[in-house]
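Colleague: Please find work.pdb (PDB, C-alpha atoms) on the next line:
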ATOM      1  CA  MET Y  22       0.000   0.000   0.000  1.00  0.00           C
ATOM      2  CA  TRP Y  23       2.847   2.424   0.827  1.00  0.00           C
ATOM      3  CA  VAL Y  24       4.392   1.673  -2.564  1.00  0.00           C
ATOM      4  CA  VAL Y  25       1.100   2.409  -4.332  1.00  0.00           C
ATOM      5  CA  TRP Y  26       0.583   5.697  -2.538  1.00  0.00           C
ATOM      6  CA  GLY Y  27       4.232   6.630  -3.076  1.00  0.00           C
ATOM      7  CA  LEU Y  28       3.759   6.117  -6.794  1.00  0.00           C
ATOM      8  CA  ALA Y  29       0.539   8.105  -6.604  1.00  0.00           C
ATOM      9  CA  VAL Y  30       2.413  11.060  -5.116  1.00  0.00           C
ATOM     10  CA  LEU Y  31       5.032  10.837  -7.877  1.00  0.00           C
ATOM     11  CA  VAL Y  32       2.333  10.752 -10.537  1.00  0.00           C
ATOM     12  CA  VAL Y  33       0.618  13.771  -9.046  1.00  0.00           C
ATOM     13  CA  VAL Y  34       3.875  15.755  -9.182  1.00  0.00           C
ATOM     14  CA  VAL Y  35       4.439  14.822 -12.823  1.00  0.00           C
ATOM     15  CA  VAL Y  36       0.866  15.625 -13.784  1.00  0.00           C
ATOM     16  CA  VAL Y  37       0.814  18.958 -11.973  1.00  0.00           C
ATOM     17  CA  VAL Y  38       4.072  20.065 -13.594  1.00  0.00           C
ATOM     18  CA  ARG Y  39       2.828  18.997 -17.003  1.00  0.00           C
ATOM     19  CA  ALA Y  40      -0.465  20.805 -16.466  1.00  0.00           C
ATOM     20  CA  ILE Y  41       1.324  24.002 -15.435  1.00  0.00           C
ATOM     21  CA  VAL Y  42       3.546  23.900 -18.517  1.00  0.00           C
ATOM     22  CA  ARG Y  43       0.568  23.260 -20.778  1.00  0.00           C
ATOM     23  CA  ARG Y  44      -1.473  26.050 -19.192  1.00  0.00           C
ATOM     24  CA  ARG Y  45       1.385  28.494 -19.773  1.00  0.00           C
ATOM     25  CA  ALA Y  46       1.256  27.672 -23.461  1.00  0.00           C
ATOM     26  CA  GLN Y  47      -2.522  27.428 -23.668  1.00  0.00           C
ATOM     27  CA  PRO Y  48      -5.086  29.320 -21.550  1.00  0.00           C
ATOM     28  CA  GLU Y  49      -7.163  27.118 -19.264  1.00  0.00           C
ATOM     29  CA  SER Y  50     -10.316  28.522 -20.886  1.00  0.00           C
ATOM     30  CA  ASP Y  51      -9.328  26.703 -24.098  1.00  0.00           C
ATOM     31  CA  PHE Y  52     -10.099  23.325 -22.521  1.00  0.00           C
ATOM     32  CA  VAL Y  53     -12.995  21.632 -24.302  1.00  0.00           C
ATOM     33  CA  ALA Y  54     -14.725  18.668 -22.661  1.00  0.00           C
ATOM     34  CA  THR Y  55     -15.065  16.534 -25.770  1.00  0.00           C
ATOM     35  CA  THR Y  56     -16.809  13.159 -25.884  1.00  0.00           C
ATOM     36  CA  VAL Y  57     -15.912   9.689 -27.134  1.00  0.00           C
ATOM     37  CA  PRO Y  58     -17.841   6.632 -28.362  1.00  0.00           C
ATOM     38  CA  ALA Y  59     -19.636   4.511 -25.792  1.00  0.00           C
ATOM     39  CA  VAL Y  60     -18.020   1.429 -24.312  1.00  0.00           C
ATOM     40  CA  ASP Y  61     -18.764  -1.688 -26.336  1.00  0.00           C
ATOM     41  CA  ALA Y  62     -17.816  -5.358 -26.411  1.00  0.00           C
ATOM     42  CA  SER Y  63     -14.628  -4.711 -28.392  1.00  0.00           C
ATOM     43  CA  ASP Y  64     -13.181  -2.411 -25.734  1.00  0.00           C
ATOM     44  CA  HIS Y  65     -10.525  -3.571 -23.274  1.00  0.00           C
ATOM     45  CA  LEU Y  66     -12.270  -3.660 -19.918  1.00  0.00           C
ATOM     46  CA  ARG Y  67      -9.723  -3.385 -17.114  1.00  0.00           C
ATOM     47  CA  ARG Y  68     -12.256  -4.011 -14.372  1.00  0.00           C
ATOM     48  CA  GLY Y  69     -15.905  -3.380 -13.552  1.00  0.00           C
ATOM     49  CA  ASP Y  70     -19.206  -3.788 -15.357  1.00  0.00           C
ATOM     50  CA  PRO Y  71     -20.278  -1.589 -18.299  1.00  0.00           C
ATOM     51  CA  ALA Y  72     -23.858  -2.045 -17.090  1.00  0.00           C
ATOM     52  CA  SER Y  73     -22.980  -0.203 -13.872  1.00  0.00           C
ATOM     53  CA  GLY Y  74     -23.839   3.118 -15.503  1.00  0.00           C
ATOM     54  CA  VAL Y  75     -20.452   4.817 -15.058  1.00  0.00           C
ATOM     55  CA  SER Y  76     -17.366   4.503 -17.238  1.00  0.00           C
ATOM     56  CA  VAL Y  77     -13.788   5.722 -16.860  1.00  0.00           C
ATOM     57  CA  ILE Y  78     -11.940   5.574 -20.183  1.00  0.00           C
ATOM     58  CA  GLU Y  79      -8.193   6.118 -20.399  1.00  0.00           C
ATOM     59  CA  TYR Y  80      -6.428   6.947 -23.661  1.00  0.00           C
ATOM     60  CA  ALA Y  81      -2.767   6.134 -23.167  1.00  0.00           C
ATOM     61  CA  ASP Y  82       0.563   5.318 -24.791  1.00  0.00           C
ATOM     62  CA  PHE Y  83       2.737   2.407 -23.639  1.00  0.00           C
ATOM     63  CA  GLU Y  84       5.936   4.419 -24.167  1.00  0.00           C
ATOM     64  CA  CYS Y  85       4.653   7.487 -22.299  1.00  0.00           C
ATOM     65  CA  PRO Y  86       6.399   7.906 -18.909  1.00  0.00           C
ATOM     66  CA  ALA Y  87       3.398   9.729 -17.398  1.00  0.00           C
ATOM     67  CA  CYS Y  88       1.147   6.830 -18.449  1.00  0.00           C
ATOM     68  CA  SER Y  89       3.533   4.400 -16.793  1.00  0.00           C
ATOM     69  CA  GLY Y  90       3.342   6.497 -13.642  1.00  0.00           C
ATOM     70  CA  TRP Y  91      -0.438   6.553 -13.719  1.00  0.00           C
ATOM     71  CA  HIS Y  92      -0.640   2.785 -14.281  1.00  0.00           C
ATOM     72  CA  PRO Y  93      -0.617   1.707 -10.581  1.00  0.00           C
ATOM     73  CA  VAL Y  94      -2.882   4.610  -9.655  1.00  0.00           C
ATOM     74  CA  VAL Y  95      -5.527   3.607 -12.200  1.00  0.00           C
ATOM     75  CA  GLU Y  96      -5.222   0.035 -10.948  1.00  0.00           C
ATOM     76  CA  GLU Y  97      -5.941   1.325  -7.440  1.00  0.00           C
ATOM     77  CA  LEU Y  98      -8.965   3.299  -8.653  1.00  0.00           C
ATOM     78  CA  ALA Y  99     -10.262   0.320 -10.618  1.00  0.00           C
ATOM     79  CA  ALA Y 100      -9.989  -1.908  -7.556  1.00  0.00           C
ATOM     80  CA  ARG Y 101     -11.717   0.671  -5.394  1.00  0.00           C
ATOM     81  CA  PHE Y 102     -14.664   1.185  -7.738  1.00  0.00           C
ATOM     82  CA  ALA Y 103     -14.722  -2.242  -9.405  1.00  0.00           C
ATOM     83  CA  ASP Y 104     -18.310  -2.989  -8.411  1.00  0.00           C
ATOM     84  CA  ARG Y 105     -19.619   0.448  -9.396  1.00  0.00           C
ATOM     85  CA  ALA Y 106     -17.792   1.607 -12.537  1.00  0.00           C
ATOM     86  CA  ALA Y 107     -16.261   0.223 -15.730  1.00  0.00           C
ATOM     87  CA  PHE Y 108     -12.585   1.045 -16.380  1.00  0.00           C
ATOM     88  CA  VAL Y 109     -11.519   0.897 -20.024  1.00  0.00           C
ATOM     89  CA  PHE Y 110      -8.155   1.307 -21.761  1.00  0.00           C
ATOM     90  CA  ARG Y 111      -7.855   2.664 -25.311  1.00  0.00           C
ATOM     91  CA  ASN Y 112      -4.702   3.069 -27.370  1.00  0.00           C
ATOM     92  CA  PHE Y 113      -3.337   6.462 -28.345  1.00  0.00           C
ATOM     93  CA  PRO Y 114       0.315   5.986 -29.348  1.00  0.00           C
ATOM     94  CA  LEU Y 115       2.009   9.366 -29.844  1.00  0.00           C
ATOM     95  CA  GLN Y 116       4.165   8.137 -32.693  1.00  0.00           C
ATOM     96  CA  ARG Y 117       6.137  11.321 -33.352  1.00  0.00           C
ATOM     97  CA  ALA Y 118       7.298  11.597 -29.760  1.00  0.00           C
ATOM     98  CA  HIS Y 119       7.447   7.866 -29.000  1.00  0.00           C
ATOM     99  CA  PRO Y 120       8.726   5.774 -31.927  1.00  0.00           C
ATOM    100  CA  ASN Y 121       8.032   2.417 -30.234  1.00  0.00           C
ATOM    101  CA  ALA Y 122       4.540   3.303 -29.012  1.00  0.00           C
ATOM    102  CA  MET Y 123       2.651   1.939 -32.013  1.00  0.00           C
ATOM    103  CA  ILE Y 124       4.384  -1.437 -32.075  1.00  0.00           C
ATOM    104  CA  ALA Y 125       3.896  -1.690 -28.299  1.00  0.00           C
ATOM    105  CA  ALA Y 126       0.157  -1.155 -28.739  1.00  0.00           C
ATOM    106  CA  GLN Y 127       0.196  -3.832 -31.438  1.00  0.00           C
ATOM    107  CA  ALA Y 128       2.019  -6.176 -29.059  1.00  0.00           C
ATOM    108  CA  ALA Y 129      -0.743  -5.802 -26.474  1.00  0.00           C
ATOM    109  CA  GLU Y 130      -3.416  -6.379 -29.114  1.00  0.00           C
ATOM    110  CA  SER Y 131      -1.549  -9.400 -30.482  1.00  0.00           C
ATOM    111  CA  ALA Y 132      -1.376 -10.906 -26.995  1.00  0.00           C
ATOM    112  CA  GLY Y 133      -5.089 -10.160 -26.661  1.00  0.00           C
ATOM    113  CA  LEU Y 134      -5.837 -12.486 -29.551  1.00  0.00           C
ATOM    114  CA  GLN Y 135      -4.527 -15.269 -27.311  1.00  0.00           C
ATOM    115  CA  GLY Y 136      -6.439 -14.070 -24.253  1.00  0.00           C
ATOM    116  CA  LYS Y 137      -3.532 -12.273 -22.577  1.00  0.00           C
ATOM    117  CA  TYR Y 138      -4.196  -8.595 -23.319  1.00  0.00           C
ATOM    118  CA  TRP Y 139      -3.995  -7.352 -19.734  1.00  0.00           C
ATOM    119  CA  GLU Y 140      -0.996  -9.487 -18.909  1.00  0.00           C
ATOM    120  CA  MET Y 141       0.947  -7.941 -21.824  1.00  0.00           C
ATOM    121  CA  HIS Y 142      -0.431  -4.482 -21.003  1.00  0.00           C
ATOM    122  CA  ASN Y 143       0.995  -4.756 -17.481  1.00  0.00           C
ATOM    123  CA  VAL Y 144       4.348  -6.143 -18.613  1.00  0.00           C
ATOM    124  CA  LEU Y 145       4.806  -3.336 -21.142  1.00  0.00           C
ATOM    125  CA  TYR Y 146       4.354  -0.691 -18.454  1.00  0.00           C
ATOM    126  CA  GLU Y 147       6.307  -2.496 -15.757  1.00  0.00           C
ATOM    127  CA  SER Y 148       9.215  -3.164 -18.162  1.00  0.00           C
ATOM    128  CA  GLN Y 149       9.042   0.159 -20.013  1.00  0.00           C
ATOM    129  CA  ALA Y 150      12.610   1.126 -19.104  1.00  0.00           C
ATOM    130  CA  GLU Y 151      13.925  -2.039 -20.774  1.00  0.00           C
ATOM    131  CA  TRP Y 152      12.506  -1.469 -24.259  1.00  0.00           C
ATOM    132  CA  VAL Y 153      11.734   2.247 -24.514  1.00  0.00           C
ATOM    133  CA  ASN Y 154      15.058   3.155 -26.154  1.00  0.00           C
ATOM    134  CA  ALA Y 155      15.473   0.019 -28.235  1.00  0.00           C
ATOM    135  CA  PRO Y 156      15.869   0.466 -32.013  1.00  0.00           C
ATOM    136  CA  LYS Y 157      12.436   0.508 -33.600  1.00  0.00           C
ATOM    137  CA  PRO Y 158      13.096  -2.290 -36.140  1.00  0.00           C
ATOM    138  CA  GLN Y 159      14.276  -4.704 -33.427  1.00  0.00           C
ATOM    139  CA  VAL Y 160      12.123  -3.891 -30.409  1.00  0.00           C
ATOM    140  CA  ALA Y 161       9.460  -6.531 -31.110  1.00  0.00           C
ATOM    141  CA  ALA Y 162      11.930  -9.345 -31.685  1.00  0.00           C
ATOM    142  CA  GLN Y 163      14.318  -8.339 -28.898  1.00  0.00           C
ATOM    143  CA  PHE Y 164      11.785  -7.645 -26.170  1.00  0.00           C
ATOM    144  CA  PHE Y 165       8.120  -8.209 -26.986  1.00  0.00           C
ATOM    145  CA  ALA Y 166       8.558 -11.761 -28.259  1.00  0.00           C
ATOM    146  CA  GLY Y 167      10.353 -12.556 -25.005  1.00  0.00           C
ATOM    147  CA  TYR Y 168       7.498 -11.108 -22.988  1.00  0.00           C
ATOM    148  CA  ALA Y 169       5.077 -13.205 -25.041  1.00  0.00           C
ATOM    149  CA  GLN Y 170       7.072 -16.329 -24.262  1.00  0.00           C
ATOM    150  CA  SER Y 171       7.137 -15.511 -20.549  1.00  0.00           C
ATOM    151  CA  LEU Y 172       3.337 -15.195 -20.638  1.00  0.00           C
ATOM    152  CA  GLY Y 173       2.990 -18.646 -22.177  1.00  0.00           C
ATOM    153  CA  LEU Y 174       1.821 -17.421 -25.579  1.00  0.00           C
ATOM    154  CA  ASP Y 175       2.377 -19.126 -28.919  1.00  0.00           C
ATOM    155  CA  VAL Y 176       5.295 -16.909 -29.951  1.00  0.00           C
ATOM    156  CA  GLY Y 177       5.037 -17.787 -33.639  1.00  0.00           C
ATOM    157  CA  LYS Y 178       1.405 -16.712 -33.718  1.00  0.00           C
ATOM    158  CA  PHE Y 179       2.212 -13.626 -31.650  1.00  0.00           C
ATOM    159  CA  ASN Y 180       4.943 -12.571 -34.085  1.00  0.00           C
ATOM    160  CA  ALA Y 181       2.608 -13.032 -37.037  1.00  0.00           C
ATOM    161  CA  ASP Y 182      -0.378 -11.306 -35.447  1.00  0.00           C
ATOM    162  CA  ILE Y 183       1.535  -8.248 -34.249  1.00  0.00           C
ATOM    163  CA  TYR Y 184       1.792  -6.956 -37.833  1.00  0.00           C
ATOM    164  CA  SER Y 185      -1.572  -8.260 -39.040  1.00  0.00           C
ATOM    165  CA  PRO Y 186      -4.248  -5.965 -40.510  1.00  0.00           C
ATOM    166  CA  GLN Y 187      -6.588  -7.086 -37.725  1.00  0.00           C
ATOM    167  CA  VAL Y 188      -4.246  -5.848 -34.998  1.00  0.00           C
ATOM    168  CA  VAL Y 189      -3.157  -2.661 -36.770  1.00  0.00           C
ATOM    169  CA  GLY Y 190      -6.790  -1.876 -37.535  1.00  0.00           C
ATOM    170  CA  ARG Y 191      -7.783  -2.404 -33.915  1.00  0.00           C
ATOM    171  CA  VAL Y 192      -5.193   0.100 -32.711  1.00  0.00           C
ATOM    172  CA  GLN Y 193      -6.165   2.536 -35.460  1.00  0.00           C
ATOM    173  CA  ARG Y 194      -9.795   2.437 -34.352  1.00  0.00           C
ATOM    174  CA  ASP Y 195      -8.765   3.778 -30.959  1.00  0.00           C
ATOM    175  CA  ILE Y 196      -6.512   6.401 -32.555  1.00  0.00           C
ATOM    176  CA  ASP Y 197      -9.359   7.587 -34.771  1.00  0.00           C
ATOM    177  CA  SER Y 198     -11.736   7.958 -31.835  1.00  0.00           C
ATOM    178  CA  ALA Y 199      -9.066   9.854 -29.880  1.00  0.00           C
ATOM    179  CA  ASN Y 200      -8.397  12.209 -32.773  1.00  0.00           C
ATOM    180  CA  ALA Y 201     -12.122  12.818 -33.205  1.00  0.00           C
ATOM    181  CA  ALA Y 202     -12.268  13.739 -29.506  1.00  0.00           C
ATOM    182  CA  GLN Y 203      -9.294  16.115 -29.883  1.00  0.00           C
ATOM    183  CA  VAL Y 204      -7.097  14.120 -27.520  1.00  0.00           C
ATOM    184  CA  ARG Y 205      -3.701  15.823 -27.547  1.00  0.00           C
ATOM    185  CA  TYR Y 206      -1.687  14.174 -24.772  1.00  0.00           C
ATOM    186  CA  THR Y 207      -1.511  11.017 -22.713  1.00  0.00           C
ATOM    187  CA  PRO Y 208      -2.955   9.907 -20.498  1.00  0.00           C
ATOM    188  CA  THR Y 209      -6.303  11.558 -21.191  1.00  0.00           C
ATOM    189  CA  PHE Y 210      -9.303  10.443 -19.163  1.00  0.00           C
ATOM    190  CA  PHE Y 211     -13.029  10.478 -19.888  1.00  0.00           C
ATOM    191  CA  VAL Y 212     -15.639   9.974 -17.181  1.00  0.00           C
ATOM    192  CA  ASN Y 213     -18.988   8.943 -18.630  1.00  0.00           C
ATOM    193  CA  LEU Y 214     -17.589   9.667 -22.113  1.00  0.00           C
ATOM    194  CA  LYS Y 215     -16.792  13.293 -21.215  1.00  0.00           C
ATOM    195  CA  GLN Y 216     -13.165  14.436 -21.164  1.00  0.00           C
ATOM    196  CA  ILE Y 217     -11.880  15.685 -17.835  1.00  0.00           C
ATOM    197  CA  GLU Y 218      -8.923  17.965 -17.210  1.00  0.00           C
ATOM    198  CA  ASP Y 219      -5.880  16.406 -15.587  1.00  0.00           C
ATOM    199  CA  PRO Y 220      -6.855  15.432 -12.038  1.00  0.00           C
ATOM    200  CA  THR Y 221      -4.619  17.485  -9.754  1.00  0.00           C
ATOM    201  CA  ASP Y 222      -4.434  14.684  -7.209  1.00  0.00           C
ATOM    202  CA  LEU Y 223      -5.830  11.262  -6.418  1.00  0.00           C
ATOM    203  CA  PRO Y 224      -8.616  12.578  -4.129  1.00  0.00           C
ATOM    204  CA  ARG Y 225      -9.828  14.835  -6.970  1.00  0.00           C
ATOM    205  CA  PHE Y 226     -10.025  11.843  -9.325  1.00  0.00           C
ATOM    206  CA  VAL Y 227     -11.968   9.927  -6.682  1.00  0.00           C
ATOM    207  CA  GLU Y 228     -14.274  12.927  -6.295  1.00  0.00           C
ATOM    208  CA  LEU Y 229     -14.986  13.025 -10.039  1.00  0.00           C
ATOM    209  CA  ILE Y 230     -15.903   9.353 -10.061  1.00  0.00           C
ATOM    210  CA  GLU Y 231     -18.067   9.745  -6.971  1.00  0.00           C
ATOM    211  CA  GLN Y 232     -19.890  12.649  -8.657  1.00  0.00           C
ATOM    212  CA  ALA Y 233     -20.569  10.487 -11.691  1.00  0.00           C
ATOM    213  CA  LEU Y 234     -21.826   7.687  -9.468  1.00  0.00           C
ATOM    214  CA  SER Y 235     -24.213  10.056  -7.728  1.00  0.00           C
ATOM    215  CA  GLY Y 236     -25.484  11.290 -11.070  1.00  0.00           C
ATOM    216  CA  SER Y 237     -23.944  14.749 -10.714  1.00  0.00           C
ATOM    217  CA  GLY Y 238     -23.100  15.994 -14.177  1.00  0.00           C
ATOM    218  CA  SER Y 239     -23.157  12.472 -15.608  1.00  0.00           C
ATOM    219  CA  SER Y 240     -23.973  11.481 -19.156  1.00  0.00           C
ATOM    220  CA  PRO Y 241     -24.738   8.107 -20.804  1.00  0.00           C
ATOM    221  CA  HIS Y 242     -21.774   5.719 -20.802  1.00  0.00           C
TER     222      HIS Y 242
END
If you convert what's in this file into structure tokens, what do you get?
Modeller:
Amino acid sequence: MWVVWGLAVLVVVVVVVRAIVRRRAQPESDFVATTVPAVDASDHLRRGDPASGVSVIEYADFECPACSGWHPVVEELAARFADRAAFVFRNFPLQRAHPNAMIAAQAAESAGLQGKYWEMHNVLYESQAEWVNAPKPQVAAQFFAGYAQSLGLDVGKFNADIYSPQVVGRVQRDIDSANAAQVRYTPTFFVNLKQIEDPTDLPRFVELIEQALSGSGSSPH
């Protein structure tokens, strides 16, 4: 628990600094609470029940250090509200800033075809420092195939699927929905399909979810 809360404090510092820098470049009044498509059966459900009436959707990038920092915090939130809200992850690889982000998203989707999406998702974040600076042409073979093997996947199938139109198209679907919602950075969160500004701290994020659960300012999920 102390480790989780320690990471939460670190994440808050990173997020606050990033928010301050962004606000200096862009007035706070420019924030637009855009919306995204409803949760459906093709989404990656981290925890919870879509029928609960409340959704928390995260658009994130596996190479993004802030996303890696938020990872244990979102896990904590998902555990806390598991019986009352649905927590969903959608891909938004920032390919210009993070050259390995797209292939990492494809690795998670490829593992998902063998029923191990969340296991690969977690490994990618927990091992981010190992592969983040690897040469783009070799990162899948040098690292992701090894992760697949450690998860008990059929590595031959994994290596074939990672570049398949099905997998690339699945990632692109998330990218398209993020672009339509004017997502500009990662992680970006939506509560009940409505974009929220960066939570300044963990209690504020909890407050936003509690408000949605109580029906305050909520919209269909």
Colleague: Set the distance at 12 Å and use only C-alpha atoms: which residues neighbour Gln163 of chain Y once local chain neighbours fewer than 5 positions away are removed? I'd like the list as a list in words.
Modeller: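 Result of the neighbour search: Glu151, Trp152, Val153, Asn154, Ala155, Pro156, Lys157, Pro158, Tyr168, Ala169, Gln170 and Asn180 of chain Y.
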Colleague: Output the selection as an mmCIF file, keeping the file's coordinate frame - C-alpha atoms for each residue.
Modeller:
data_model
loop_
_atom_site.group_PDB
_atom_site.id
_atom_site.type_symbol
_atom_site.label_atom_id
_atom_site.label_comp_id
_atom_site.auth_asym_id
_atom_site.auth_seq_id
_atom_site.Cartn_x
_atom_site.Cartn_y
_atom_site.Cartn_z
ATOM 1 C CA GLU Y 151 13.925 -2.039 -20.774
ATOM 2 C CA TRP Y 152 12.506 -1.469 -24.259
ATOM 3 C CA VAL Y 153 11.734 2.247 -24.514
ATOM 4 C CA ASN Y 154 15.058 3.155 -26.154
ATOM 5 C CA ALA Y 155 15.473 0.019 -28.235
ATOM 6 C CA PRO Y 156 15.869 0.466 -32.013
ATOM 7 C CA LYS Y 157 12.436 0.508 -33.600
ATOM 8 C CA PRO Y 158 13.096 -2.290 -36.140
ATOM 9 C CA TYR Y 168 7.498 -11.108 -22.988
ATOM 10 C CA ALA Y 169 5.077 -13.205 -25.041
ATOM 11 C CA GLN Y 170 7.072 -16.329 -24.262
ATOM 12 C CA ASN Y 180 4.943 -12.571 -34.085
#
Colleague: Tell me which protein, DNA and RNA residues are within 12 Å of Ser148 of chain Y, counting only C-alpha atoms, leaving out same-chain ones fewer than 3 positions away, and put them as a ChimeraX atom specification.
Modeller: /Y:83-84,86,89,125,141-145,151-154,164-165,167-168
Colleague: Per residue of segment 107-199 of chain Y within 10 Å of segment 205-224 of chain Y, record the nearest atom pair and its distance in Å to one decimal, counting all atoms listed in the file, with rows in chain order and ascending residue number, as JSON lines.
Modeller:
{"residue": "Y:Ala107", "atom": "CA", "partner": "Y:Asn213", "partner_atom": "CA", "distance": 9.6}
{"residue": "Y:Phe108", "atom": "CA", "partner": "Y:Val212", "partner_atom": "CA", "distance": 9.5}
{"residue": "Y:Val109", "atom": "CA", "partner": "Y:Phe211", "partner_atom": "CA", "distance": 9.7}
{"residue": "Y:Phe110", "atom": "CA", "partner": "Y:Phe210", "partner_atom": "CA", "distance": 9.6}
{"residue": "Y:Arg111", "atom": "CA", "partner": "Y:Thr209", "partner_atom": "CA", "distance": 9.9}
{"residue": "Y:Asn112", "atom": "CA", "partner": "Y:Thr207", "partner_atom": "CA", "distance": 9.7}
{"residue": "Y:Phe113", "atom": "CA", "partner": "Y:Thr207", "partner_atom": "CA", "distance": 7.5}
{"residue": "Y:Pro114", "atom": "CA", "partner": "Y:Thr207", "partner_atom": "CA", "distance": 8.5}
{"residue": "Y:Leu115", "atom": "CA", "partner": "Y:Tyr206", "partner_atom": "CA", "distance": 7.9}
{"residue": "Y:Ala199", "atom": "CA", "partner": "Y:Arg205", "partner_atom": "CA", "distance": 8.4}
Colleague: Tyr138 of chain Y: which residues within 10 Å, counting all atoms listed in the file, same-chain residues fewer than 4 positions away excluded, as a PyMOL selection string?
Modeller: chain Y and resi 65+67+128-134+142-143
Colleague: Please dump the current selection as a CSV table (one decimal), keeping the file's coordinate frame; keep C-alpha atoms.
Modeller:
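Result saved to result.csv:
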chain,number,residue,atom,x,y,z
Y,65,HIS,CA,-10.5,-3.6,-23.3
Y,67,ARG,CA,-9.7,-3.4,-17.1
Y,128,ALA,CA,2.0,-6.2,-29.1
Y,129,ALA,CA,-0.7,-5.8,-26.5
Y,130,GLU,CA,-3.4,-6.4,-29.1
Y,131,SER,CA,-1.5,-9.4,-30.5
Y,132,ALA,CA,-1.4,-10.9,-27.0
Y,133,GLY,CA,-5.1,-10.2,-26.7
Y,134,LEU,CA,-5.8,-12.5,-29.6
Y,142,HIS,CA,-0.4,-4.5,-21.0
Y,143,ASN,CA,1.0,-4.8,-17.5
Colleague: Hey, can you check how far atom CA of Pro186 of chain Y sits from atom CA of Asn200 of chain Y?
Modeller: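 Interatomic distance, atom CA of Pro186 of chain Y to atom CA of Asn200 of chain Y: 20.2 Å.
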Colleague: Which residue, Y:Leu66, Y:Met123, Y:Val53, Y:Val204, has the smallest gap to Asp82 of chain Y when you use only C-alpha atoms?
Modeller: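 For Asp82 of chain Y, the nearest of the given residues is Y:Met123.
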Colleague: Please write as a PyMOL selection string the list of polymer residues whose atoms come within 7 Å of (-4.2, -0.7, -32.5), counting all atoms listed in the file and keeping to the coordinates of the file.
Modeller: chain Y and resi 112+126-127+130+188-195
Colleague: If I take atom CA of Arg105 of chain Y and atom CA of Thr55 of chain Y, how far is one from the other in Å, to one decimal?
Modeller: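 Here the two named atoms are 23.4 Å from each other.
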Colleague: In Å, rounded to a single decimal, give me how far atom CA of Arg68 of chain Y is from atom CA of Ala100 of chain Y.
Modeller: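 Separating atom CA of Ala100 of chain Y from atom CA of Arg68 of chain Y is a distance of 7.5 Å.
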Colleague: Under the rule that all atoms listed in the file are counted, which of Y:Gln187, Y:Gln159, Y:Ser76, Y:Ser198 is the nearest residue to Leu229 of chain Y?
Modeller: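 Between Y:Gln187, Y:Gln159, Y:Ser76, Y:Ser198, the residue approaching Leu229 of chain Y most closely is Y:Ser76.
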Colleague: Around all listed atoms of segment 171-189 of chain Y, padded 5 Å per side, what centre and edge lengths does the axis-aligned box have in Å to one decimal, as AutoDock Vina command-line options?
Modeller:
--center_x 0.3 --center_y -10.9 --center_z -30.5 --size_x 23.7 --size_y 26.5 --size_z 30.0
Colleague: Would you kindly translate the PyMOL selection byres ((chain Y and resi 233-236) around 10) into the concrete residues it picks from this file, as number ranges by chain?
Modeller: Y: 73-77, 102, 105-106, 212-213, 227-232, 237-240
